[in-house]
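For reference, query.pdb is printed below; it contains PDB, C-alpha atoms.
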```
ATOM      1  CA  MET A   1     128.452 150.996 158.704
ATOM      2  CA  ALA A   2     130.984 148.935 156.779
ATOM      3  CA  VAL A   3     129.033 145.785 157.579
ATOM      4  CA  LEU A   4     125.761 147.419 156.459
ATOM      5  CA  ALA A   5     127.339 148.598 153.209
ATOM      6  CA  PHE A   6     128.718 145.126 152.552
ATOM      7  CA  GLY A   7     125.247 143.688 153.174
ATOM      8  CA  TRP A   8     123.722 146.011 150.575
ATOM      9  CA  LEU A   9     126.403 145.021 148.087
ATOM     10  CA  VAL A  10     125.510 141.366 148.576
ATOM     11  CA  VAL A  11     121.809 142.103 148.036
ATOM     12  CA  VAL A  12     122.529 144.130 144.890
ATOM     13  CA  ALA A  13     124.803 141.381 143.522
ATOM     14  CA  VAL A  14     122.125 138.745 144.087
ATOM     15  CA  LEU A  15     119.501 140.902 142.351
ATOM     16  CA  VAL A  16     121.803 141.482 139.381
ATOM     17  CA  ILE A  17     122.407 137.729 139.035
ATOM     18  CA  MET A  18     118.665 137.013 139.281
ATOM     19  CA  VAL A  19     117.785 139.658 136.672
ATOM     20  CA  SER A  20     120.594 138.449 134.438
ATOM     21  CA  ARG A  21     119.393 134.849 134.635
ATOM     22  CA  SER A  22     115.786 135.885 134.077
ATOM     23  CA  THR A  23     116.731 137.947 131.036
ATOM     24  CA  ALA A  24     118.749 135.071 129.601
ATOM     25  CA  ILE A  25     115.763 132.747 129.889
ATOM     26  CA  VAL A  26     113.325 135.221 128.350
ATOM     27  CA  GLY A  27     115.657 136.120 125.495
ATOM     28  CA  ALA A  28     116.770 132.603 124.658
ATOM     29  CA  VAL A  29     115.845 131.289 121.213
ATOM     30  CA  VAL A  30     114.332 127.865 121.793
ATOM     31  CA  PRO A  31     113.540 125.847 118.658
ATOM     32  CA  ALA A  32     109.860 124.999 118.314
ATOM     33  CA  PRO A  33     109.234 121.330 118.990
ATOM     34  CA  ALA A  34     108.666 119.216 115.904
ATOM     35  CA  VAL A  35     105.007 118.478 115.237
ATOM     36  CA  ARG A  36     104.866 114.698 115.057
ATOM     37  CA  ILE A  37     101.523 114.390 113.296
ATOM     38  CA  ASP A  38     100.293 114.176 109.717
ATOM     39  CA  ARG A  39      99.626 117.587 108.148
ATOM     40  CA  THR A  40      98.496 118.541 104.656
ATOM     41  CA  ASN A  41      98.380 121.614 102.427
ATOM     42  CA  LEU A  42     101.133 123.462 104.268
ATOM     43  CA  SER A  43     102.660 126.490 102.545
ATOM     44  CA  PHE A  44     106.340 127.180 101.949
ATOM     45  CA  THR A  45     108.023 130.194 100.326
ATOM     46  CA  SER A  46     111.639 130.232  99.169
ATOM     47  CA  SER A  47     113.807 131.223  96.187
ATOM     48  CA  GLY A  48     111.043 133.426  94.832
ATOM     49  CA  TYR A  49     108.405 130.672  94.798
ATOM     50  CA  THR A  50     105.501 129.663  96.997
ATOM     51  CA  SER A  51     103.747 126.322  96.897
ATOM     52  CA  THR A  52     102.232 123.734  99.193
ATOM     53  CA  TYR A  53     103.314 120.383 100.575
ATOM     54  CA  HIS A  54     102.035 117.483 102.656
ATOM     55  CA  LEU A  55     104.024 116.202 105.627
ATOM     56  CA  TYR A  56     103.255 112.883 107.291
ATOM     57  CA  ALA A  57     105.193 112.582 110.561
ATOM     58  CA  GLY A  58     102.711 110.750 112.771
ATOM     59  CA  GLY A  59     102.934 107.214 114.108
ATOM     60  CA  LEU A  60     106.727 106.858 113.901
ATOM     61  CA  ASP A  61     109.128 105.325 116.414
ATOM     62  CA  TRP A  62     111.407 108.184 117.453
ATOM     63  CA  LEU A  63     113.533 105.876 119.601
ATOM     64  CA  LYS A  64     114.819 104.376 116.332
ATOM     65  CA  PRO A  65     116.452 106.136 113.335
ATOM     66  CA  VAL A  66     113.813 108.065 111.397
ATOM     67  CA  GLY A  67     114.242 108.447 107.660
ATOM     68  CA  LEU A  68     112.702 110.736 105.050
ATOM     69  CA  LEU A  69     110.763 109.762 101.929
ATOM     70  CA  ILE A  70     110.388 112.631  99.459
ATOM     71  CA  TYR A  71     107.968 112.076  96.594
ATOM     72  CA  THR A  72     107.087 114.275  93.607
ATOM     73  CA  ASP A  73     104.047 113.457  91.479
ATOM     74  CA  GLY A  74     103.489 113.643  87.718
ATOM     75  CA  SER A  75     101.925 116.502  85.765
ATOM     76  CA  GLY A  76      98.575 117.517  87.210
ATOM     77  CA  GLU A  77      99.609 115.965  90.557
ATOM     78  CA  TYR A  78      96.404 113.945  90.849
ATOM     79  CA  GLY A  79      97.802 111.789  93.621
ATOM     80  CA  LEU A  80      98.676 114.777  95.800
ATOM     81  CA  LYS A  81      95.300 116.431  95.243
ATOM     82  CA  ASN A  82      93.297 113.303  96.103
ATOM     83  CA  LEU A  83      94.814 112.286  99.407
ATOM     84  CA  ARG A  84      92.649 109.286 100.238
ATOM     85  CA  ASP A  85      92.716 107.784  96.763
ATOM     86  CA  SER A  86      94.686 104.550  96.424
ATOM     87  CA  TYR A  87      96.173 105.958  93.195
ATOM     88  CA  LEU A  88      99.186 107.242  95.186
ATOM     89  CA  LEU A  89      98.853 108.116  98.861
ATOM     90  CA  GLY A  90      95.909 106.213 100.310
ATOM     91  CA  GLY A  91      95.250 102.595 101.169
ATOM     92  CA  ALA A  92      97.277  99.783 102.696
ATOM     93  CA  GLY A  93      99.811  99.897  99.856
ATOM     94  CA  GLY A  94      99.868 103.661  99.398
ATOM     95  CA  MET A  95     102.825 105.957  99.900
ATOM     96  CA  ILE A  96     101.709 107.038 103.374
ATOM     97  CA  ALA A  97     101.598 103.449 104.603
ATOM     98  CA  VAL A  98     104.933 102.635 102.955
ATOM     99  CA  ALA A  99     106.661 105.570 104.661
ATOM    100  CA  LYS A 100     105.301 104.639 108.077
ATOM    101  CA  LYS A 101     106.232 100.977 107.535
ATOM    102  CA  HIS A 102     109.859 102.026 107.105
ATOM    103  CA  ASN A 103     109.795 104.603 109.937
ATOM    104  CA  MET A 104     110.127 107.513 107.539
ATOM    105  CA  ILE A 105     108.560 110.945 107.405
ATOM    106  CA  LEU A 106     106.765 111.394 104.073
ATOM    107  CA  LEU A 107     107.238 114.775 102.385
ATOM    108  CA  THR A 108     105.305 115.446  99.172
ATOM    109  CA  PRO A 109     105.976 118.868  97.605
ATOM    110  CA  LEU A 110     103.600 120.227  94.965
ATOM    111  CA  SER A 111     105.251 122.050  92.078
ATOM    112  CA  PRO A 112     105.366 125.858  92.158
ATOM    113  CA  ASN A 113     104.576 125.772  88.419
ATOM    114  CA  LYS A 114     100.776 125.931  88.280
ATOM    115  CA  ASN A 115     100.548 126.871  84.594
ATOM    116  CA  CYS A 116     102.194 123.950  82.845
ATOM    117  CA  SER A 117     101.395 124.097  79.122
ATOM    118  CA  ASP A 118     101.102 120.335  78.654
ATOM    119  CA  GLY A 119      97.428 120.502  79.587
ATOM    120  CA  ASP A 120      97.729 118.891  83.000
ATOM    121  CA  GLY A 121      98.174 122.089  84.981
ATOM    122  CA  SER A 122     101.105 121.765  87.361
ATOM    123  CA  CYS A 123     104.419 120.110  86.472
ATOM    124  CA  TRP A 124     108.141 120.152  87.227
ATOM    125  CA  TYR A 125     109.826 120.029  83.815
ATOM    126  CA  LEU A 126     108.622 123.302  82.233
ATOM    127  CA  GLY A 127     109.143 126.888  83.338
ATOM    128  CA  ASP A 128     112.052 127.171  85.750
ATOM    129  CA  PRO A 129     113.025 123.648  86.892
ATOM    130  CA  PRO A 130     116.331 124.787  88.475
ATOM    131  CA  GLY A 131     114.379 127.352  90.505
ATOM    132  CA  TYR A 132     111.781 124.782  91.546
ATOM    133  CA  THR A 133     114.629 122.471  92.540
ATOM    134  CA  ARG A 134     116.085 125.130  94.846
ATOM    135  CA  TRP A 135     112.623 125.576  96.376
ATOM    136  CA  VAL A 136     112.349 121.833  97.086
ATOM    137  CA  GLU A 137     115.884 121.694  98.480
ATOM    138  CA  ASN A 138     115.174 124.520 100.912
ATOM    139  CA  LEU A 139     111.938 122.806 101.948
ATOM    140  CA  VAL A 140     113.773 119.538 102.597
ATOM    141  CA  LYS A 141     116.424 121.363 104.628
ATOM    142  CA  GLN A 142     113.719 123.050 106.701
ATOM    143  CA  VAL A 143     112.129 119.675 107.480
ATOM    144  CA  GLN A 144     115.539 118.239 108.346
ATOM    145  CA  SER A 145     116.127 121.140 110.739
ATOM    146  CA  GLN A 146     112.803 120.503 112.480
ATOM    147  CA  TYR A 147     113.092 116.749 112.878
ATOM    148  CA  GLN A 148     115.909 114.400 113.832
ATOM    149  CA  ILE A 149     116.276 112.658 110.468
ATOM    150  CA  ASP A 150     118.967 110.123 109.633
ATOM    151  CA  LYS A 151     120.542 111.305 106.369
ATOM    152  CA  LYS A 152     121.593 107.745 105.639
ATOM    153  CA  ARG A 153     117.899 106.827 105.396
ATOM    154  CA  ILE A 154     116.680 109.096 102.592
ATOM    155  CA  ALA A 155     114.585 108.084  99.586
ATOM    156  CA  PHE A 156     113.566 110.395  96.751
ATOM    157  CA  GLY A 157     110.936 109.121  94.330
ATOM    158  CA  GLY A 158     109.091 110.682  91.446
ATOM    159  CA  TYR A 159     106.637 109.748  88.714
ATOM    160  CA  SER A 160     106.706 111.109  85.145
ATOM    161  CA  SER A 161     107.280 114.873  85.566
ATOM    162  CA  GLY A 162     108.398 114.180  89.145
ATOM    163  CA  ALA A 163     110.884 111.613  87.839
ATOM    164  CA  GLN A 164     112.291 114.247  85.499
ATOM    165  CA  LEU A 165     112.851 116.497  88.497
ATOM    166  CA  ALA A 166     114.685 113.652  90.257
ATOM    167  CA  THR A 167     117.268 112.748  87.607
ATOM    168  CA  GLU A 168     117.409 115.839  85.395
ATOM    169  CA  TYR A 169     117.679 118.469  88.155
ATOM    170  CA  TRP A 170     117.654 117.148  91.759
ATOM    171  CA  VAL A 171     120.775 115.030  91.378
ATOM    172  CA  PRO A 172     122.846 117.170  88.958
ATOM    173  CA  SER A 173     122.146 120.406  90.879
ATOM    174  CA  GLY A 174     123.751 118.924  93.984
ATOM    175  CA  ALA A 175     120.517 119.110  95.989
ATOM    176  CA  ALA A 176     120.515 115.348  96.476
ATOM    177  CA  GLN A 177     124.141 115.298  97.600
ATOM    178  CA  ARG A 178     123.523 118.125 100.076
ATOM    179  CA  THR A 179     120.485 116.517 101.692
ATOM    180  CA  MET A 180     121.366 112.804 101.858
ATOM    181  CA  GLU A 181     124.380 110.636 102.687
ATOM    182  CA  ALA A 182     122.902 107.313 101.606
ATOM    183  CA  GLY A 183     119.652 105.897 100.302
ATOM    184  CA  ALA A 184     117.797 105.629  97.017
ATOM    185  CA  ILE A 185     116.553 107.794  94.158
ATOM    186  CA  VAL A 186     113.744 106.239  92.130
ATOM    187  CA  ALA A 187     112.442 107.458  88.768
ATOM    188  CA  ILE A 188     109.114 105.940  87.703
ATOM    189  CA  SER A 189     107.999 106.213  84.064
ATOM    190  CA  PHE A 190     110.544 108.888  83.123
ATOM    191  CA  GLY A 191     113.791 110.385  84.382
ATOM    192  CA  GLY A 192     116.243 111.426  81.691
ATOM    193  CA  SER A 193     119.842 112.576  81.743
ATOM    194  CA  PRO A 194     120.826 115.911  83.383
ATOM    195  CA  LYS A 195     119.386 119.083  81.873
ATOM    196  CA  MET A 196     121.722 121.416  83.727
ATOM    197  CA  LEU A 197     125.409 121.618  84.583
ATOM    198  CA  GLU A 198     126.301 118.784  86.951
ATOM    199  CA  VAL A 199     128.101 119.284  90.242
ATOM    200  CA  GLY A 200     131.063 117.119  91.119
ATOM    201  CA  TYR A 201     129.859 113.969  92.854
ATOM    202  CA  THR A 202     131.826 112.566  95.760
ATOM    203  CA  PRO A 203     132.840 108.883  95.620
ATOM    204  CA  SER A 204     130.806 108.332  98.795
ATOM    205  CA  PHE A 205     127.652 109.765  97.235
ATOM    206  CA  ARG A 206     127.993 107.683  94.080
ATOM    207  CA  SER A 207     128.550 104.488  96.045
ATOM    208  CA  ASN A 208     126.003 104.995  98.840
ATOM    209  CA  VAL A 209     123.033 106.270  96.818
ATOM    210  CA  HIS A 210     121.328 103.766  94.532
ATOM    211  CA  MET A 211     119.485 105.082  91.457
ATOM    212  CA  ASN A 212     116.635 103.000  90.064
ATOM    213  CA  TRP A 213     114.427 103.439  86.995
ATOM    214  CA  ASN A 214     111.093 101.640  86.832
ATOM    215  CA  VAL A 215     109.209 101.817  83.525
ATOM    216  CA  GLY A 216     106.675  99.859  81.481
ATOM    217  CA  GLU A 217     107.971  98.254  78.289
ATOM    218  CA  LYS A 218     105.142  99.922  76.317
ATOM    219  CA  ASP A 219     105.824 103.376  77.777
ATOM    220  CA  ASP A 220     107.188 105.820  75.193
ATOM    221  CA  SER A 221     109.343 107.348  77.916
ATOM    222  CA  TYR A 222     111.388 104.140  78.021
ATOM    223  CA  LEU A 223     113.223 104.452  74.698
ATOM    224  CA  LEU A 224     111.619 107.200  72.636
ATOM    225  CA  ASN A 225     112.182 110.919  72.989
ATOM    226  CA  ASP A 226     108.913 112.845  73.342
ATOM    227  CA  GLU A 227     109.073 116.005  71.234
ATOM    228  CA  SER A 228     106.879 117.808  73.759
ATOM    229  CA  GLU A 229     109.662 117.422  76.316
ATOM    230  CA  GLY A 230     112.115 119.440  74.247
ATOM    231  CA  PRO A 231     114.616 118.981  71.417
ATOM    232  CA  GLY A 232     117.584 116.667  71.281
ATOM    233  CA  GLN A 233     118.402 113.467  73.061
ATOM    234  CA  GLY A 234     118.364 112.427  76.659
ATOM    235  CA  TYR A 235     114.782 112.845  77.835
ATOM    236  CA  ASN A 236     113.951 109.150  78.069
ATOM    237  CA  VAL A 237     114.489 106.547  80.771
ATOM    238  CA  LYS A 238     117.261 104.700  78.932
ATOM    239  CA  ALA A 239     119.238 107.914  78.483
ATOM    240  CA  GLY A 240     119.021 108.681  82.198
ATOM    241  CA  TYR A 241     119.990 105.176  83.218
ATOM    242  CA  ASP A 242     122.923 105.089  80.767
ATOM    243  CA  HIS A 243     124.223 108.490  81.881
ATOM    244  CA  TYR A 244     124.346 107.748  85.594
ATOM    245  CA  THR A 245     125.684 104.244  85.052
ATOM    246  CA  ARG A 246     128.585 105.686  83.059
ATOM    247  CA  ALA A 247     129.073 108.295  85.800
ATOM    248  CA  GLY A 248     129.825 105.542  88.303
ATOM    249  CA  PHE A 249     126.573 105.406  90.245
ATOM    250  CA  ARG A 250     125.018 102.204  91.527
ATOM    251  CA  THR A 251     122.067 101.842  89.160
ATOM    252  CA  SER A 252     119.303  99.456  88.187
ATOM    253  CA  LEU A 253     116.648  99.454  85.462
ATOM    254  CA  ASP A 254     113.351  97.601  85.882
ATOM    255  CA  VAL A 255     111.329  97.279  82.667
ATOM    256  CA  ILE A 256     107.861  95.951  83.463
ATOM    257  CA  PRO A 257     106.321  93.718  80.763
ATOM    258  CA  GLY A 258     103.019  94.818  79.248
ATOM    259  CA  LEU A 259     102.736  98.163  81.061
ATOM    260  CA  ASP A 260     102.520 101.653  79.584
ATOM    261  CA  HIS A 261     102.823 105.087  81.200
ATOM    262  CA  ASP A 262      99.825 104.685  83.507
ATOM    263  CA  ARG A 263     100.922 103.218  86.878
ATOM    264  CA  ASP A 264      97.788 103.775  88.963
ATOM    265  CA  GLY A 265      98.184 102.271  92.443
ATOM    266  CA  GLN A 266     101.695 100.882  91.862
ATOM    267  CA  PHE A 267     103.860 103.715  93.198
ATOM    268  CA  GLY A 268     103.905 102.595  96.821
ATOM    269  CA  ALA A 269     105.031  99.087  95.901
ATOM    270  CA  VAL A 270     107.834 100.435  93.683
ATOM    271  CA  MET A 271     109.189 102.654  96.450
ATOM    272  CA  ASP A 272     108.757  99.914  99.058
ATOM    273  CA  ALA A 273     110.867  97.497  97.022
ATOM    274  CA  GLN A 274     113.723  99.977  96.602
ATOM    275  CA  ILE A 275     113.684 101.010 100.258
ATOM    276  CA  VAL A 276     113.837  97.353 101.322
ATOM    277  CA  LYS A 277     116.817  96.756  99.006
ATOM    278  CA  HIS A 278     118.855  99.875  99.669
ATOM    279  CA  ILE A 279     117.901 101.494 102.996
ATOM    280  CA  ARG A 280     118.365  99.991 106.446
TER     281      ARG A 280
END
```
Any chance you could give the structure as structure tokens?
Amino acid sequence: MAVLAFGWLVVVAVLVIMVSRSTAIVGAVVPAPAVRIDRTNLSFTSSGYTSTYHLYAGGLDWLKPVGLLIYTDGSGEYGLKNLRDSYLLGGAGGMIAVAKKHNMILLTPLSPNKNCSDGDGSCWYLGDPPGYTRWVENLVKQVQSQYQIDKKRIAFGGYSSGAQLATEYWVPSGAAQRTMEAGAIVAISFGGSPKMLEVGYTPSFRSNVHMNWNVGEKDDSYLLNDESEGPGQGYNVKAGYDHYTRAGFRTSLDVIPGLDHDRDGQFGAVMDAQIVKHIR
């Protein structure tokens, strides 16, 4: 009888272990595998805002370090609404091709502000820019949680209204410092000084992140303040460049002869040049 009882105990113990192991497998939280393809018009909700974004993650070499190129368009966001147009994303020299060339995921958020009063519809600089910045930061962090991204290979670029987001809110809010360890921030045809209280920058961040301004010499955003952007000083390219240079950042200013605010088809080349110079 003692032997029989011992036998039943062994059987019960084995069953308990099997059930326990089965339960552990069923209940385990397994992260969804990253979708390594190009996807557009995805939706993201955070910080009280909902908007869309495009994510290009196809055709990359995942055996090598993968970077992240974040790009925000100007008011109206023509380039992000016309995906095949060579204005911004499409073509051999477009932003999609540039990102893939450098083994980077391309993330292009569209502004949550769909009622911009400047006549172009959507924009980053009016409404609640700090709130939109938090939305973008949370989106970037979500992408970084889904993919194995090297935070030393991050580039953030923006044109016009998107450039204002980059230098007036993205950097001073601390969002840049929290999402990248090294790389480049590029402001095309705008990008003034901070319009919110700045965080404290670490010496490593200031020395490992290069900030570049690229503007046409005939563009009013180079030296003149545009009254539509708000009162006071600091909304132009020169003000942004001067501020961050004084703050100890590695900076550069490229003034392009003969060009004005319109930079149709040039954005990919601008970002490509800065990635080549400052990201390995």
Point to revise | Long-range neighbours of stretch 231-246 of chain A as number ranges by chain, 9 Å cut-off, all atoms listed in the file, 6 positions minimum in chain | key: A: 164, 167-168, 187-195, 211-215, 220-225, 252-253
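You will find atom CA of A:Met271 at 11.6 Å from atom CA of A:Gly183.
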Practice item. Could you check how far atom CA of A:Leu88 sits from atom CA of A:Thr179, in Å to one decimal? Key: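 Distance reported for this atom pair: 24.1 Å.
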Exercise for review: I need the residue set behind the PyMOL selection byres ((chain A and resi 272) around 12) for this file; please write it as an MDAnalysis selection string.
Suggested key: chainID A and resid 69 93:104 155:157 184 186 266:271 273:279
**Study point:** Separation of atom CA of A:His261 from atom CA of A:Glu217 in Å
**Key:**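 Computing it gives 9.0 Å between the two atoms.
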Practice item. List, as a PyMOL selection string, every residue that the PyMOL selection byres ((chain A and resi 124) around 7) selects in the file provided. Key: chain A and resi 111+113+123+125-126+129+161-162+165
Find the residues around A:Gln142 up to 12 Å (all atoms listed in the file counted), leave out those fewer than 2 positions away in its own chain, and share them as a tab-separated table (two decimals) with C-alpha atoms, in the coordinates of the input.
```tsv
chain	number	residue	atom	x	y	z
A	34	ALA	CA	108.67	119.22	115.90
A	44	PHE	CA	106.34	127.18	101.95
A	45	THR	CA	108.02	130.19	100.33
A	46	SER	CA	111.64	130.23	99.17
A	55	LEU	CA	104.02	116.20	105.63
A	107	LEU	CA	107.24	114.78	102.38
A	135	TRP	CA	112.62	125.58	96.38
A	136	VAL	CA	112.35	121.83	97.09
A	137	GLU	CA	115.88	121.69	98.48
A	138	ASN	CA	115.17	124.52	100.91
A	139	LEU	CA	111.94	122.81	101.95
A	140	VAL	CA	113.77	119.54	102.60
A	144	GLN	CA	115.54	118.24	108.35
A	145	SER	CA	116.13	121.14	110.74
A	146	GLN	CA	112.80	120.50	112.48
A	147	TYR	CA	113.09	116.75	112.88
A	148	GLN	CA	115.91	114.40	113.83
A	149	ILE	CA	116.28	112.66	110.47
A	179	THR	CA	120.48	116.52	101.69
```
**Study point:** Given the PyMOL selection byres ((chain A and resi 78) around 12), the residues it picks as a PyMOL selection string
**Key:** chain A and resi 72-77+79-89+110+120-123+159+264-265
**Study point:** Who sits within 8 Å of A:Pro130, all atoms listed in the file, same chain under 3 positions skipped, as a VMD selection string
**Key:** chain A and resid 133 to 134 169 173 196
Around all the atoms of stretch 53-66 of chain A listed in the file, draw an axis-aligned box and extend it by 5 Å on each of the six sides; I want its centre and edge lengths in Å to one decimal, as JSON.
```
{"center_x": 109.2, "center_y": 112.4, "center_z": 110.1, "size_x": 24.4, "size_y": 26.0, "size_z": 29.0}
```
Stretch 68-154 of chain A near stretch 204-210 of chain A within 12 Å: what's each residue's closest atom pair and its distance in Å to one decimal, counting all atoms listed in the file, ordered by chain then ascending residue number, as CSV?
```
residue,atom,partner,partner_atom,distance
A:Lys151,CA,A:Val209,CA,11.1
A:Lys152,CA,A:Asn208,CA,8.6
A:Arg153,CA,A:Val209,CA,10.0
A:Ile154,CA,A:Val209,CA,9.0
```
